[in-house]
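Novice: Contents of protein10.cif (mmCIF, C-alpha atoms) are below:
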```cif
data_coords
loop_
_atom_site.group_PDB
_atom_site.id
_atom_site.type_symbol
_atom_site.label_atom_id
_atom_site.label_comp_id
_atom_site.auth_asym_id
_atom_site.auth_seq_id
_atom_site.Cartn_x
_atom_site.Cartn_y
_atom_site.Cartn_z
ATOM 1 C CA MET A 1 7.351 -70.515 28.548
ATOM 2 C CA ASN A 2 5.666 -71.258 31.896
ATOM 3 C CA LEU A 3 6.177 -67.660 32.989
ATOM 4 C CA VAL A 4 4.424 -66.420 29.838
ATOM 5 C CA ILE A 5 1.440 -68.692 30.512
ATOM 6 C CA VAL A 6 1.240 -67.574 34.158
ATOM 7 C CA LEU A 7 1.386 -63.914 33.081
ATOM 8 C CA LEU A 8 -1.351 -64.503 30.473
ATOM 9 C CA ILE A 9 -3.539 -66.225 33.064
ATOM 10 C CA LEU A 10 -2.985 -63.368 35.535
ATOM 11 C CA ALA A 11 -3.785 -60.806 32.832
ATOM 12 C CA ALA A 12 -6.977 -62.706 31.932
ATOM 13 C CA VAL A 13 -8.041 -62.902 35.585
ATOM 14 C CA ALA A 14 -7.333 -59.179 36.050
ATOM 15 C CA ALA A 15 -9.349 -58.356 32.907
ATOM 16 C CA VAL A 16 -12.302 -60.482 34.062
ATOM 17 C CA ALA A 17 -12.165 -58.861 37.521
ATOM 18 C CA LEU A 18 -12.058 -55.376 35.985
ATOM 19 C CA ILE A 19 -15.012 -56.170 33.727
ATOM 20 C CA ALA A 20 -16.974 -57.591 36.677
ATOM 21 C CA LEU A 21 -16.255 -54.512 38.817
ATOM 22 C CA TYR A 22 -17.197 -52.162 35.986
ATOM 23 C CA ASN A 23 -20.469 -54.007 35.367
ATOM 24 C CA LEU A 24 -21.294 -53.941 39.081
ATOM 25 C CA LEU A 25 -20.679 -50.182 39.183
ATOM 26 C CA VAL A 26 -22.903 -49.704 36.132
ATOM 27 C CA GLN A 27 -25.648 -51.779 37.772
ATOM 28 C CA LYS A 28 -25.542 -49.691 40.969
ATOM 29 C CA ARG A 29 -25.509 -46.430 39.003
ATOM 30 C CA GLN A 30 -28.523 -47.581 36.977
ATOM 31 C CA MET A 31 -30.439 -48.462 40.148
ATOM 32 C CA THR A 32 -29.652 -45.028 41.549
ATOM 33 C CA ASP A 33 -30.731 -43.304 38.324
ATOM 34 C CA ASN A 34 -33.924 -45.369 38.295
ATOM 35 C CA GLY A 35 -34.627 -44.408 41.901
ATOM 36 C CA TRP A 36 -34.143 -40.723 41.121
ATOM 37 C CA ALA A 37 -36.480 -40.990 38.117
ATOM 38 C CA ASP A 38 -39.174 -42.457 40.393
ATOM 39 C CA ILE A 39 -38.758 -39.583 42.856
ATOM 40 C CA ASP A 40 -38.878 -37.056 40.029
ATOM 41 C CA VAL A 41 -42.138 -38.508 38.664
ATOM 42 C CA GLN A 42 -43.818 -38.326 42.077
ATOM 43 C CA LEU A 43 -42.543 -34.811 42.784
ATOM 44 C CA LYS A 44 -43.889 -33.658 39.417
ATOM 45 C CA ARG A 45 -47.216 -35.325 40.204
ATOM 46 C CA ARG A 46 -47.360 -33.440 43.499
ATOM 47 C CA ALA A 47 -46.439 -30.209 41.741
ATOM 48 C CA ASP A 48 -49.303 -30.800 39.289
ATOM 49 C CA LEU A 49 -51.793 -31.347 42.131
ATOM 50 C CA ILE A 50 -50.854 -28.186 44.007
ATOM 51 C CA PRO A 51 -52.349 -25.629 41.567
ATOM 52 C CA GLN A 52 -55.645 -27.549 41.655
ATOM 53 C CA LEU A 53 -55.564 -27.548 45.446
ATOM 54 C CA VAL A 54 -54.766 -23.826 45.518
ATOM 55 C CA ALA A 55 -57.664 -23.066 43.168
ATOM 56 C CA THR A 56 -60.080 -25.130 45.250
ATOM 57 C CA VAL A 57 -59.082 -23.609 48.597
ATOM 58 C CA GLN A 58 -58.847 -20.134 47.079
ATOM 59 C CA GLY A 59 -62.527 -20.240 46.194
ATOM 60 C CA TYR A 60 -63.384 -20.536 49.889
ATOM 61 C CA ALA A 61 -60.572 -18.575 51.510
ATOM 62 C CA ALA A 62 -59.814 -15.756 49.094
ATOM 63 C CA HIS A 63 -58.352 -13.613 51.907
ATOM 64 C CA GLU A 64 -55.403 -16.029 52.198
ATOM 65 C CA ARG A 65 -53.814 -14.563 49.058
ATOM 66 C CA LYS A 66 -50.330 -14.254 50.620
ATOM 67 C CA LEU A 67 -50.349 -17.962 51.482
ATOM 68 C CA PHE A 68 -51.451 -18.882 47.944
ATOM 69 C CA GLU A 69 -48.684 -16.725 46.476
ATOM 70 C CA GLU A 70 -46.148 -18.423 48.768
ATOM 71 C CA VAL A 71 -47.336 -21.864 47.652
ATOM 72 C CA VAL A 72 -47.008 -20.903 43.977
ATOM 73 C CA GLU A 73 -43.572 -19.347 44.573
ATOM 74 C CA LYS A 74 -42.270 -22.405 46.461
ATOM 75 C CA ARG A 75 -43.751 -24.759 43.843
ATOM 76 C CA ASN A 76 -41.956 -22.884 41.058
ATOM 77 C CA ALA A 77 -38.701 -22.966 43.034
ATOM 78 C CA ALA A 78 -39.084 -26.718 43.568
ATOM 79 C CA MET A 79 -39.715 -27.292 39.865
ATOM 80 C CA ALA A 80 -36.628 -25.234 39.004
ATOM 81 C CA ALA A 81 -34.359 -27.014 41.524
ATOM 82 C CA GLY A 82 -33.374 -29.648 38.964
ATOM 83 C CA ASP A 83 -31.762 -33.019 39.594
ATOM 84 C CA ASP A 84 -29.426 -32.126 42.462
ATOM 85 C CA PRO A 85 -30.842 -34.130 45.400
ATOM 86 C CA ALA A 86 -29.702 -31.636 48.039
ATOM 87 C CA ALA A 87 -31.138 -28.582 46.241
ATOM 88 C CA ARG A 88 -34.324 -30.425 45.281
ATOM 89 C CA GLY A 89 -34.803 -31.721 48.821
ATOM 90 C CA ALA A 90 -34.449 -28.230 50.296
ATOM 91 C CA ALA A 91 -36.869 -26.765 47.750
ATOM 92 C CA GLU A 92 -39.421 -29.555 48.262
ATOM 93 C CA SER A 93 -39.177 -29.178 52.044
ATOM 94 C CA ALA A 94 -39.786 -25.440 51.689
ATOM 95 C CA LEU A 95 -42.864 -26.231 49.560
ATOM 96 C CA SER A 96 -44.232 -28.690 52.120
ATOM 97 C CA ARG A 97 -44.621 -25.994 54.776
ATOM 98 C CA PRO A 98 -47.046 -23.637 52.965
ATOM 99 C CA VAL A 99 -48.973 -26.581 51.496
ATOM 100 C CA ALA A 100 -49.491 -27.918 55.018
ATOM 101 C CA LYS A 101 -50.609 -24.449 56.137
ATOM 102 C CA MET A 102 -53.048 -24.276 53.236
ATOM 103 C CA ILE A 103 -54.575 -27.625 54.183
ATOM 104 C CA ALA A 104 -54.800 -26.409 57.783
ATOM 105 C CA VAL A 105 -56.599 -23.254 56.574
ATOM 106 C CA ALA A 106 -59.126 -25.494 54.858
ATOM 107 C CA GLU A 107 -60.018 -26.889 58.287
ATOM 108 C CA ASN A 108 -61.693 -23.533 59.031
ATOM 109 C CA TYR A 109 -64.191 -24.012 56.184
ATOM 110 C CA PRO A 110 -66.665 -26.862 56.738
ATOM 111 C CA GLU A 111 -68.097 -26.477 53.225
ATOM 112 C CA LEU A 112 -64.605 -26.834 51.768
ATOM 113 C CA LYS A 113 -63.769 -29.845 53.940
ATOM 114 C CA ALA A 114 -66.974 -31.495 52.692
ATOM 115 C CA SER A 115 -66.289 -30.626 49.044
ATOM 116 C CA GLY A 116 -65.779 -33.737 46.928
ATOM 117 C CA ASN A 117 -63.146 -31.972 44.825
ATOM 118 C CA PHE A 118 -61.153 -30.929 47.889
ATOM 119 C CA LEU A 119 -61.392 -34.411 49.411
ATOM 120 C CA GLU A 120 -60.194 -35.999 46.154
ATOM 121 C CA LEU A 121 -57.275 -33.585 45.925
ATOM 122 C CA GLN A 122 -56.368 -34.108 49.570
ATOM 123 C CA THR A 123 -56.467 -37.895 49.092
ATOM 124 C CA ALA A 124 -54.407 -37.703 45.896
ATOM 125 C CA LEU A 125 -51.860 -35.476 47.635
ATOM 126 C CA ALA A 126 -51.614 -37.868 50.602
ATOM 127 C CA GLU A 127 -51.152 -40.842 48.264
ATOM 128 C CA THR A 128 -48.487 -38.943 46.346
ATOM 129 C CA GLU A 129 -46.657 -38.100 49.586
ATOM 130 C CA ASP A 130 -46.636 -41.827 50.418
ATOM 131 C CA LYS A 131 -45.259 -42.642 46.957
ATOM 132 C CA ILE A 132 -42.590 -39.964 47.327
ATOM 133 C CA GLU A 133 -41.553 -41.536 50.631
ATOM 134 C CA MET A 134 -41.348 -45.021 49.076
ATOM 135 C CA ALA A 135 -39.379 -43.710 46.075
ATOM 136 C CA ARG A 136 -37.067 -41.782 48.425
ATOM 137 C CA ARG A 137 -36.359 -44.926 50.435
ATOM 138 C CA PHE A 138 -35.582 -46.915 47.270
ATOM 139 C CA TYR A 139 -33.343 -44.152 45.919
ATOM 140 C CA ASN A 140 -31.479 -43.681 49.204
ATOM 141 C CA GLY A 141 -30.957 -47.462 49.436
ATOM 142 C CA ALA A 142 -29.549 -47.503 45.898
ATOM 143 C CA VAL A 143 -27.321 -44.512 46.748
ATOM 144 C CA ARG A 144 -26.089 -46.292 49.877
ATOM 145 C CA GLU A 145 -25.136 -49.378 47.825
ATOM 146 C CA LEU A 146 -23.430 -47.296 45.128
ATOM 147 C CA ASN A 147 -21.563 -45.156 47.652
ATOM 148 C CA THR A 148 -20.419 -48.217 49.606
ATOM 149 C CA LEU A 149 -19.095 -49.821 46.438
ATOM 150 C CA VAL A 150 -17.446 -46.645 45.114
ATOM 151 C CA GLN A 151 -15.753 -45.990 48.457
ATOM 152 C CA SER A 152 -14.644 -49.600 49.145
ATOM 153 C CA PHE A 153 -11.171 -50.912 48.433
ATOM 154 C CA PRO A 154 -10.076 -51.822 45.742
ATOM 155 C CA VAL A 155 -13.014 -50.432 43.754
ATOM 156 C CA ASN A 156 -12.301 -46.908 45.007
ATOM 157 C CA MET A 157 -9.000 -46.960 43.111
ATOM 158 C CA LEU A 158 -10.808 -47.611 39.816
ATOM 159 C CA ALA A 159 -14.215 -45.948 40.281
ATOM 160 C CA GLY A 160 -13.065 -42.360 39.834
ATOM 161 C CA ALA A 161 -10.999 -43.208 36.777
ATOM 162 C CA LEU A 162 -14.018 -44.969 35.266
ATOM 163 C CA GLY A 163 -16.296 -41.972 35.918
ATOM 164 C CA PHE A 164 -18.180 -43.290 38.957
ATOM 165 C CA LYS A 165 -18.632 -41.151 42.049
ATOM 166 C CA ALA A 166 -20.628 -41.127 45.274
ATOM 167 C CA ARG A 167 -24.111 -39.590 45.145
ATOM 168 C CA ASP A 168 -26.029 -37.443 47.612
ATOM 169 C CA TYR A 169 -28.986 -38.817 49.539
ATOM 170 C CA PHE A 170 -32.403 -37.250 48.982
ATOM 171 C CA GLU A 171 -33.818 -35.789 52.171
ATOM 172 C CA ILE A 172 -37.149 -34.012 52.341
ATOM 173 C CA GLU A 173 -39.389 -32.898 55.175
ATOM 174 C CA THR A 174 -42.849 -34.308 54.795
ATOM 175 C CA ALA A 175 -45.852 -32.022 54.966
ATOM 176 C CA ASP A 176 -47.087 -33.537 58.220
ATOM 177 C CA LYS A 177 -43.817 -32.576 59.934
ATOM 178 C CA ALA A 178 -44.304 -29.029 58.704
ATOM 179 C CA ALA A 179 -48.011 -28.796 59.561
ATOM 180 C CA PRO A 180 -48.742 -26.070 62.074
ATOM 181 C CA VAL A 181 -50.650 -26.778 65.261
ATOM 182 C CA ILE A 182 -53.844 -24.723 65.197
ATOM 183 C CA ASP A 183 -56.020 -24.168 68.240
ATOM 184 C CA MET A 184 -59.565 -23.839 66.909
ATOM 185 C CA ASP A 185 -60.919 -22.842 70.332
ATOM 186 C CA PRO A 186 -59.902 -19.239 71.117
ATOM 187 C CA MET A 187 -60.855 -19.675 74.786
ATOM 188 C CA GLY A 188 -58.704 -22.766 75.193
ATOM 189 C CA ALA A 189 -61.652 -24.719 76.614
ATOM 190 C CA GLY A 190 -60.796 -27.787 74.541
ATOM 191 C CA ALA A 191 -57.324 -28.077 76.031
#
```
Show me the file's structure as structure tokens.
Specialist:
Amino acid sequence: MNLVIVLLILAAVAAVALIALYNLLVQKRQMTDNGWADIDVQLKRRADLIPQLVATVQGYAAHERKLFEEVVEKRNAAMAAGDDPAARGAAESALSRPVAKMIAVAENYPELKASGNFLELQTALAETEDKIEMARRFYNGAVRELNTLVQSFPVNMLAGALGFKARDYFEIETADKAAPVIDMDPMGAGA
């Protein structure tokens, strides 16, 4: 009789532990999903700002058509990259480069730089880049916690069977890293 009670107590403890581990895994997965949703919202916001920025700069620098086409092409590729963090990060990094070039082109046009519409778009884009960075940090922190839990013993023995797996981090080059250095003085006198 005592053996039966001990076995029942052990079974109850094991069940409670399994439920606690499962709930912890669900919590970490939800935080990761929430983090990705935040990134997705900010990336879509940036993608919505880019056509407005292109249209504004295009009015002043119509001869930069190839650059504008590249921006539109990279934006479409970024929008089509989906929810895979590695693919989305690569596509967003590729988009950052021509957007940075386009902003650098705007530096050649004093009327454009002084345009209220351009300044608003540039400010909105900079704010969005900051929000993307904050969302990326939150997401990558949530991924780190989930991955640590999923890969730790004894959870790793149960996680796969329960449908939990490690996630990829979201890495993206920011536009300021991709911005070209432009020498505005052809004689080099300012250097």
Novice: Scan for residues within 8 Å of the point (-45.8, -23.9, 54.0) in the coordinates of the file, using only C-alpha atoms, and reply as number ranges by chain.
Specialist: A: 67, 70-71, 94-102, 178-179
Novice: Leaving out segment 84-93 of chain A and any residue of its chain fewer than 5 positions from it, which residues lie within 7 Å of it when counting all atoms listed in the file, given as a list in words?
Specialist: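 Here the qualifying residues turn out to be Ala77, Ala78, Asp168, Tyr169, Phe170, Glu171, Ile172, Glu173 and Thr174 of chain A.
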Novice: Write out, as a PDB file, in the frame of the given file, the residues just selected, with C-alpha atoms.
Specialist:
```
ATOM      1  CA  ALA A  77     -38.701 -22.966  43.034  1.00  0.00           C
ATOM      2  CA  ALA A  78     -39.084 -26.718  43.568  1.00  0.00           C
ATOM      3  CA  ASP A 168     -26.029 -37.443  47.612  1.00  0.00           C
ATOM      4  CA  TYR A 169     -28.986 -38.817  49.539  1.00  0.00           C
ATOM      5  CA  PHE A 170     -32.403 -37.250  48.982  1.00  0.00           C
ATOM      6  CA  GLU A 171     -33.818 -35.789  52.171  1.00  0.00           C
ATOM      7  CA  ILE A 172     -37.149 -34.012  52.341  1.00  0.00           C
ATOM      8  CA  GLU A 173     -39.389 -32.898  55.175  1.00  0.00           C
ATOM      9  CA  THR A 174     -42.849 -34.308  54.795  1.00  0.00           C
TER      10      THR A 174
END
```
Novice: Return the single residue from A:Tyr109, A:Asn23, A:Glu120, A:Val16 that is closest to Leu53 of chain A, with distances computed using all atoms listed in the file.
Specialist: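 Going through A:Tyr109, A:Asn23, A:Glu120, A:Val16 one by one, the smallest distance to Leu53 of chain A is for A:Glu120.
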Novice: Translate the PyMOL selection byres ((chain A and resi 52) around 12) into a concrete residue list for this structure, as a list in words.
Specialist: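 So the PyMOL selection byres ((chain A and resi 52) around 12) ends up selecting Arg45, Arg46, Ala47, Asp48, Leu49, Ile50, Pro51, Leu53, Val54, Ala55, Thr56, Val57, Gln58, Gly59, Phe68, Val71, Val72, Val99, Asn117, Phe118, Leu119, Glu120, Leu121, Gln122, Ala124 and Leu125 of chain A.
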Novice: What does the distance between atom CA of Leu146 of chain A and atom CA of Leu10 of chain A come to in Å, to one decimal place?
Specialist: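 Between atom CA of Leu146 of chain A and atom CA of Leu10 of chain A the gap works out to 27.7 Å.
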Novice: So how far away is atom CA of Ala126 of chain A from atom CA of Arg65 of chain A, in Å?
Specialist: 23.5 Å
Novice: Exactly which residues make up the result of the PyMOL selection byres ((chain A and resi 132) around 9) on this file, given as a ChimeraX atom specification?
Specialist: /A:38-43,46,127-131,133-137
Novice: Hey, what's within 10 Å of Tyr22 of chain A if we count all atoms listed in the file and toss same-chain stuff fewer than 6 positions away? As a ChimeraX atom specification, please?
Specialist: /A:16,155,158-159,162,164
Novice: Between atom CA of Gly116 of chain A and atom CA of His63 of chain A, what distance in Å does the model show, to one decimal?
Specialist: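 About the pair atom CA of Gly116 of chain A and atom CA of His63 of chain A: they are 22.0 Å apart.
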Novice: Each side padded by 4 Å, which centre and which edge lengths in Å (one decimal) define the axis-aligned box around the listed atoms of segment 108-120 of chain A? Give them as JSON.
Specialist:
```
{"center_x": -64.1, "center_y": -29.8, "center_z": 51.9, "size_x": 15.9, "size_y": 20.5, "size_z": 22.2}
```
Novice: Can you work out which one of A:Ile5, A:Met31, A:Leu21, A:Ala81 has the shortest atom-to-atom distance to Gly141 of chain A, counting only C-alpha atoms?
Specialist: A:Met31
Novice: Counting all atoms listed in the file, which of A:Ala106, A:Ala114, A:Ala37, A:Ala166 gets nearest to Leu25 of chain A?
Specialist: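 Comparing A:Ala106, A:Ala114, A:Ala37, A:Ala166 against Leu25 of chain A, the winner is A:Ala166.
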Novice: Arg29 of chain A: which residues within 9 Å, counting all atoms listed in the file, same-chain residues fewer than 3 positions away excluded, as a count of residues only?
Specialist: 10
Novice: My structure is short of atoms at segment 86-112 of chain A; please model N, CA and C atoms there, returning them as a PDB file, in the coordinates of the input.
Specialist:
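New file result.pdb:
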```pdb
ATOM      1  N   ALA A  86     -29.735 -32.549  46.900  1.00  0.00           N
ATOM      2  CA  ALA A  86     -29.702 -31.636  48.039  1.00  0.00           C
ATOM      3  C   ALA A  86     -30.544 -30.391  47.768  1.00  0.00           C
ATOM      4  N   ALA A  87     -30.371 -29.782  46.594  1.00  0.00           N
ATOM      5  CA  ALA A  87     -31.138 -28.582  46.241  1.00  0.00           C
ATOM      6  C   ALA A  87     -32.619 -28.907  46.096  1.00  0.00           C
ATOM      7  N   ARG A  88     -32.920 -30.034  45.481  1.00  0.00           N
ATOM      8  CA  ARG A  88     -34.324 -30.425  45.281  1.00  0.00           C
ATOM      9  C   ARG A  88     -34.978 -30.733  46.616  1.00  0.00           C
ATOM     10  N   GLY A  89     -34.262 -31.404  47.501  1.00  0.00           N
ATOM     11  CA  GLY A  89     -34.803 -31.721  48.821  1.00  0.00           C
ATOM     12  C   GLY A  89     -35.121 -30.464  49.621  1.00  0.00           C
ATOM     13  N   ALA A  90     -34.214 -29.489  49.578  1.00  0.00           N
ATOM     14  CA  ALA A  90     -34.449 -28.230  50.296  1.00  0.00           C
ATOM     15  C   ALA A  90     -35.654 -27.495  49.717  1.00  0.00           C
ATOM     16  N   ALA A  91     -35.750 -27.456  48.392  1.00  0.00           N
ATOM     17  CA  ALA A  91     -36.869 -26.765  47.750  1.00  0.00           C
ATOM     18  C   ALA A  91     -38.190 -27.479  48.028  1.00  0.00           C
ATOM     19  N   GLU A  92     -38.191 -28.795  47.999  1.00  0.00           N
ATOM     20  CA  GLU A  92     -39.421 -29.555  48.262  1.00  0.00           C
ATOM     21  C   GLU A  92     -39.828 -29.423  49.732  1.00  0.00           C
ATOM     22  N   SER A  93     -38.858 -29.386  50.629  1.00  0.00           N
ATOM     23  CA  SER A  93     -39.177 -29.178  52.044  1.00  0.00           C
ATOM     24  C   SER A  93     -39.793 -27.805  52.260  1.00  0.00           C
ATOM     25  N   ALA A  94     -39.236 -26.794  51.586  1.00  0.00           N
ATOM     26  CA  ALA A  94     -39.786 -25.440  51.689  1.00  0.00           C
ATOM     27  C   ALA A  94     -41.209 -25.390  51.138  1.00  0.00           C
ATOM     28  N   LEU A  95     -41.511 -26.172  50.133  1.00  0.00           N
ATOM     29  CA  LEU A  95     -42.864 -26.231  49.560  1.00  0.00           C
ATOM     30  C   LEU A  95     -43.830 -26.933  50.511  1.00  0.00           C
ATOM     31  N   SER A  96     -43.360 -27.928  51.224  1.00  0.00           N
ATOM     32  CA  SER A  96     -44.232 -28.690  52.120  1.00  0.00           C
ATOM     33  C   SER A  96     -44.862 -27.811  53.197  1.00  0.00           C
ATOM     34  N   ARG A  97     -44.122 -26.834  53.678  1.00  0.00           N
ATOM     35  CA  ARG A  97     -44.621 -25.994  54.776  1.00  0.00           C
ATOM     36  C   ARG A  97     -45.863 -25.188  54.378  1.00  0.00           C
ATOM     37  N   PRO A  98     -45.830 -24.393  53.293  1.00  0.00           N
ATOM     38  CA  PRO A  98     -47.046 -23.637  52.965  1.00  0.00           C
ATOM     39  C   PRO A  98     -48.203 -24.524  52.489  1.00  0.00           C
ATOM     40  N   VAL A  99     -47.894 -25.663  51.889  1.00  0.00           N
ATOM     41  CA  VAL A  99     -48.973 -26.581  51.496  1.00  0.00           C
ATOM     42  C   VAL A  99     -49.669 -27.107  52.745  1.00  0.00           C
ATOM     43  N   ALA A 100     -48.900 -27.459  53.760  1.00  0.00           N
ATOM     44  CA  ALA A 100     -49.491 -27.918  55.018  1.00  0.00           C
ATOM     45  C   ALA A 100     -50.326 -26.813  55.656  1.00  0.00           C
ATOM     46  N   LYS A 101     -49.836 -25.579  55.597  1.00  0.00           N
ATOM     47  CA  LYS A 101     -50.609 -24.449  56.137  1.00  0.00           C
ATOM     48  C   LYS A 101     -51.920 -24.276  55.367  1.00  0.00           C
ATOM     49  N   MET A 102     -51.850 -24.439  54.054  1.00  0.00           N
ATOM     50  CA  MET A 102     -53.048 -24.276  53.236  1.00  0.00           C
ATOM     51  C   MET A 102     -54.085 -25.341  53.584  1.00  0.00           C
ATOM     52  N   ILE A 103     -53.645 -26.557  53.792  1.00  0.00           N
ATOM     53  CA  ILE A 103     -54.575 -27.625  54.183  1.00  0.00           C
ATOM     54  C   ILE A 103     -55.144 -27.324  55.571  1.00  0.00           C
ATOM     55  N   ALA A 104     -54.315 -26.781  56.451  1.00  0.00           N
ATOM     56  CA  ALA A 104     -54.800 -26.409  57.783  1.00  0.00           C
ATOM     57  C   ALA A 104     -55.831 -25.285  57.687  1.00  0.00           C
ATOM     58  N   VAL A 105     -55.631 -24.341  56.787  1.00  0.00           N
ATOM     59  CA  VAL A 105     -56.599 -23.254  56.574  1.00  0.00           C
ATOM     60  C   VAL A 105     -57.937 -23.836  56.152  1.00  0.00           C
ATOM     61  N   ALA A 106     -57.894 -24.867  55.340  1.00  0.00           N
ATOM     62  CA  ALA A 106     -59.126 -25.494  54.858  1.00  0.00           C
ATOM     63  C   ALA A 106     -59.951 -26.055  56.009  1.00  0.00           C
ATOM     64  N   GLU A 107     -59.297 -26.376  57.125  1.00  0.00           N
ATOM     65  CA  GLU A 107     -60.018 -26.889  58.287  1.00  0.00           C
ATOM     66  C   GLU A 107     -61.011 -25.868  58.838  1.00  0.00           C
ATOM     67  N   ASN A 108     -60.799 -24.587  58.552  1.00  0.00           N
ATOM     68  CA  ASN A 108     -61.693 -23.533  59.031  1.00  0.00           C
ATOM     69  C   ASN A 108     -62.961 -23.410  58.192  1.00  0.00           C
ATOM     70  N   TYR A 109     -63.072 -24.144  57.113  1.00  0.00           N
ATOM     71  CA  TYR A 109     -64.191 -24.012  56.184  1.00  0.00           C
ATOM     72  C   TYR A 109     -64.897 -25.357  56.030  1.00  0.00           C
ATOM     73  N   PRO A 110     -65.963 -25.575  56.796  1.00  0.00           N
ATOM     74  CA  PRO A 110     -66.665 -26.862  56.738  1.00  0.00           C
ATOM     75  C   PRO A 110     -67.173 -27.214  55.335  1.00  0.00           C
ATOM     76  N   GLU A 111     -67.613 -26.200  54.584  1.00  0.00           N
ATOM     77  CA  GLU A 111     -68.097 -26.477  53.225  1.00  0.00           C
ATOM     78  C   GLU A 111     -66.962 -26.989  52.345  1.00  0.00           C
ATOM     79  N   LEU A 112     -65.772 -26.412  52.543  1.00  0.00           N
ATOM     80  CA  LEU A 112     -64.605 -26.834  51.768  1.00  0.00           C
ATOM     81  C   LEU A 112     -64.191 -28.249  52.163  1.00  0.00           C
TER      82      LEU A 112
END
```
